[in-house]
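Enquirer: Would you mind keeping the following structure in view while I ask a few things?
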Amino acid sequence: MDVTTAVYRRKSVRAFLPTPVSDEAIAELLEKSSRAPSGGNVQPWKIYVVNGDSMTRFREFIGDRKPGRAGYPVYPESLKEPYRTARFQLGEAMYATIGIPREDKPARLRQMAKNFEFFGAPSSIFCYVDRQMGSAQWSDLGMFLQTFMLLATEAGLDTCPQEAWAQYEEAVTEFVGAPAELQLFSGVALGHADTDHPINTLKSQRFPVADFATWV
């Protein structure tokens with residue numbers, strides 16, 4: 001698979017099959033992903049893998065926990081245009097695939113809660129960064145995650161990056177045993193997409209190049 005194909009095939013999957021993913025396959029993805037760009041070769045990412053028995057234990061552990069405040073703003077407090085509309089349209093399109101109207105708030109909340117079941121994925125990684133690091137190193141972490149997700153696509157796997165897990169930083173950190181100097185950025189659900197589930201028909205729109213690129 002070439003890079004262009006992987007880029008166009010990769011998407012955020014929100015319904016997975018229970019088909020297991022081996023620790024060896026995840027380790028290979030992580031080893032390859034470590035070649036992602038990193039300013040000064042700092043490599044600020046710290047990854048915790050939850051898979052197999054640890055996934056079973058984690059689901060039991062997280063079951064009665066309550067979300068808290070994310071350790072960083074996932075979105076700006078007052079998201080301006082055109083970003084606000086792009087986010088709104090994606091949400092509406094996603095709920096439309098599973099027949100949930102805007103006024104059915106309980107159903108929307110139930111769907112949102114599936115984030116914290118990894119949408120049924122059998123495997124996940126949690127991505128941390130040292131609290132000392134600044135925005136440049138967070139950018140490095142983002143490049144690592146994109147590399148990981150594209151390599152997963154090449155390997156026939158599917159992913160969903162989940163910043164929603166930042167609301168459970170205290171609980172996740174307790175479970176994985178991360179030291180206090182690390183901050184949770186996100187989880188990534190990993191597995192095989194349930195291709196029969198309508199939510200996986202969602203294809204997000206992108207701004208045209210003329211909207212975000214300027215030739216000077």
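Going through the structure tokens in order, the chains are called A, B, and so on, while each chain numbers its residues from 1 and the ligands are numbered from 1 in the order shown.
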Tell me, as a list in words, which residues lie within 12 Å of A:Gly40, counting only C-alpha atoms; anything in the same chain fewer than 6 positions away does not count.
Expert: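 That gives Ala136, Gln137 and Asp140 of chain A.
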Enquirer: Using the selection just defined, write its residues with N, CA and C atoms as an mmCIF file, in the first residue's frame.
Expert:
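Saved as selection31.cif:
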```cif
data_model
loop_
_atom_site.group_PDB
_atom_site.id
_atom_site.type_symbol
_atom_site.label_atom_id
_atom_site.label_comp_id
_atom_site.auth_asym_id
_atom_site.auth_seq_id
_atom_site.Cartn_x
_atom_site.Cartn_y
_atom_site.Cartn_z
ATOM 1 N N ALA A 136 5.597 22.735 20.673
ATOM 2 C CA ALA A 136 6.392 22.097 19.614
ATOM 3 C C ALA A 136 6.477 20.588 19.825
ATOM 4 N N GLN A 137 6.624 20.164 21.081
ATOM 5 C CA GLN A 137 6.714 18.726 21.359
ATOM 6 C C GLN A 137 5.350 18.047 21.263
ATOM 7 N N ASP A 140 5.116 17.140 17.837
ATOM 8 C CA ASP A 140 5.828 15.889 17.583
ATOM 9 C C ASP A 140 4.941 14.681 17.905
#
```
Enquirer: Running DSSP on the backbone, which parts of stretch 19-111 of chain A land in strand (DSSP E), as a list in words?
Expert: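 Here is the list: Trp45, Lys46, Ile47, Tyr48, Val49, Val50 and Asn51 of chain A.
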Enquirer: With only C-alpha atoms as the counted atoms, please give the residues lying no more than 12 Å from A:Ile100, apart from itself and same-chain residues fewer than 3 positions off, as number ranges by chain.
Expert: A: 91-97, 103-112, 198-199
Enquirer: In terms of the shortest atom-to-atom distance over only C-alpha atoms, which of A:Gln167, A:Ser135, A:Thr214, A:Asn51 is closest to A:Gly191?
Expert: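 Among the listed residues, the smallest separation from A:Gly191 belongs to A:Asn51.
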Enquirer: For each of A:Val7, A:Leu150, A:Met1, A:Ala15, take the minimum atom-to-atom distance to A:Thr201, counting only C-alpha atoms, then give the residue where this is smallest.
Expert: A:Ala15
Enquirer: Can you check which residues of stretch 6-212 of chain A DSSP gives as helix (DSSP H, G or I) on the backbone and send them as a compact mmCIF listing (two decimals) with C-alpha atoms, in the first residue's frame?
Expert:
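Result written to result16.txt:
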```
# COMPACT_ATOMS: atom_id res chain seq x y z
CA ALA A 6 -3.24 4.86 3.36
CA VAL A 7 -4.06 8.56 3.80
CA TYR A 8 -7.35 8.24 1.93
CA ARG A 9 -8.33 4.96 3.62
CA ASP A 23 0.94 -7.59 21.06
CA GLU A 24 3.56 -8.30 18.40
CA ALA A 25 1.58 -6.43 15.75
CA ILE A 26 1.20 -3.41 18.05
CA ALA A 27 4.89 -3.48 18.96
CA GLU A 28 5.83 -3.46 15.28
CA LEU A 29 3.57 -0.46 14.63
CA LEU A 30 5.11 1.41 17.56
CA GLU A 31 8.66 0.61 16.45
CA LYS A 32 8.00 1.89 12.93
CA SER A 33 6.13 4.95 14.25
CA GLY A 39 12.45 18.35 16.70
CA GLY A 40 15.93 17.84 18.12
CA ASN A 41 15.17 14.10 18.24
CA ASP A 53 -6.16 -9.32 29.48
CA SER A 54 -5.29 -5.73 30.35
CA MET A 55 -8.17 -4.51 28.18
CA THR A 56 -10.55 -6.78 30.10
CA ARG A 57 -9.20 -5.43 33.39
CA PHE A 58 -9.34 -1.85 32.16
CA ARG A 59 -12.99 -2.10 31.10
CA GLU A 60 -13.86 -3.38 34.58
CA PHE A 61 -11.71 -0.69 36.22
CA ILE A 62 -13.14 2.23 34.27
CA TYR A 83 -13.98 25.89 12.44
CA ARG A 84 -17.18 25.97 14.50
CA THR A 85 -19.34 25.10 11.49
CA ALA A 86 -16.97 22.33 10.38
CA ARG A 87 -17.18 20.71 13.80
CA PHE A 88 -20.98 21.11 13.93
CA GLN A 89 -21.47 19.62 10.47
CA LEU A 90 -19.32 16.60 11.31
CA GLY A 91 -21.39 15.88 14.41
CA GLU A 92 -24.65 16.18 12.51
CA ALA A 93 -23.38 13.90 9.73
CA MET A 94 -22.18 11.30 12.22
CA TYR A 95 -25.45 11.12 14.14
CA ALA A 96 -27.39 11.03 10.86
CA THR A 97 -25.67 7.76 9.90
CA LYS A 105 -30.11 14.15 23.55
CA PRO A 106 -30.22 10.89 25.60
CA ALA A 107 -29.39 8.88 22.47
CA ARG A 108 -26.55 11.27 21.62
CA LEU A 109 -25.13 10.93 25.11
CA ARG A 110 -25.30 7.12 24.87
CA GLN A 111 -23.41 7.24 21.59
CA MET A 112 -20.84 9.63 23.08
CA ALA A 113 -20.35 7.25 26.02
CA LYS A 114 -19.18 4.57 23.56
CA ASN A 115 -15.92 6.53 23.39
CA PHE A 116 -15.17 5.07 26.80
CA GLU A 117 -15.70 1.53 25.54
CA PHE A 118 -13.23 2.22 22.68
CA PHE A 119 -16.23 1.70 20.37
CA GLY A 120 -15.78 -2.02 20.95
CA SER A 135 3.50 23.10 21.91
CA ALA A 136 6.39 22.10 19.61
CA GLN A 137 6.71 18.73 21.36
CA TRP A 138 2.94 18.24 21.35
CA SER A 139 3.25 18.69 17.60
CA ASP A 140 5.83 15.89 17.58
CA LEU A 141 3.36 13.66 19.41
CA GLY A 142 0.72 14.46 16.78
CA MET A 143 3.12 13.42 14.02
CA PHE A 144 3.85 10.19 15.88
CA LEU A 145 0.14 9.43 16.14
CA GLN A 146 -0.52 10.15 12.47
CA THR A 147 2.36 7.88 11.55
CA PHE A 148 0.98 5.16 13.83
CA MET A 149 -2.50 5.40 12.31
CA LEU A 150 -1.24 5.32 8.71
CA LEU A 151 0.94 2.30 9.48
CA ALA A 152 -2.07 0.62 11.11
CA THR A 153 -4.03 1.21 7.90
CA GLU A 154 -1.20 -0.36 5.89
CA GLU A 163 -8.95 13.01 22.94
CA ALA A 164 -12.12 12.32 24.98
CA TRP A 165 -9.96 10.16 27.27
CA ALA A 166 -8.32 13.33 28.59
CA GLN A 167 -11.42 13.62 30.80
CA TYR A 168 -10.33 10.40 32.53
CA GLU A 169 -6.68 11.30 33.00
CA GLU A 170 -6.62 10.50 36.71
CA ALA A 171 -8.21 7.08 36.26
CA VAL A 172 -6.19 6.11 33.19
CA THR A 173 -2.96 7.21 34.85
CA GLU A 174 -3.76 5.14 37.92
CA PHE A 175 -4.44 2.07 35.80
CA VAL A 176 -1.41 2.27 33.52
CA PRO A 198 -23.69 2.41 9.41
CA ILE A 199 -21.61 4.81 11.52
CA ASN A 200 -18.52 3.67 9.62
CA THR A 201 -19.98 5.01 6.37
CA VAL A 209 -6.86 23.79 -0.76
CA ALA A 210 -7.79 27.34 -1.83
CA ASP A 211 -9.29 27.90 1.63
CA PHE A 212 -6.16 27.07 3.61
```
Enquirer: Looking at only C-alpha atoms, which of A:Pro161, A:Pro76, A:Gly63, A:Pro122 is the one that sits closest to A:Val21?
Expert: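 Closest to A:Val21 of all the choices is A:Pro122.
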Enquirer: Could you check how far atom CA of A:Ile125 sits from atom CA of A:Leu182, in Å to one decimal?
Expert: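 So the two atoms, atom CA of A:Ile125 and atom CA of A:Leu182, lie 14.8 Å apart.
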Enquirer: What separation in Å, quoted to one decimal, exists between atom CA of A:Met133 and atom CA of A:Thr159?
Expert: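 Spanning atom CA of A:Met133 to atom CA of A:Thr159 is a straight-line distance of 25.8 Å.
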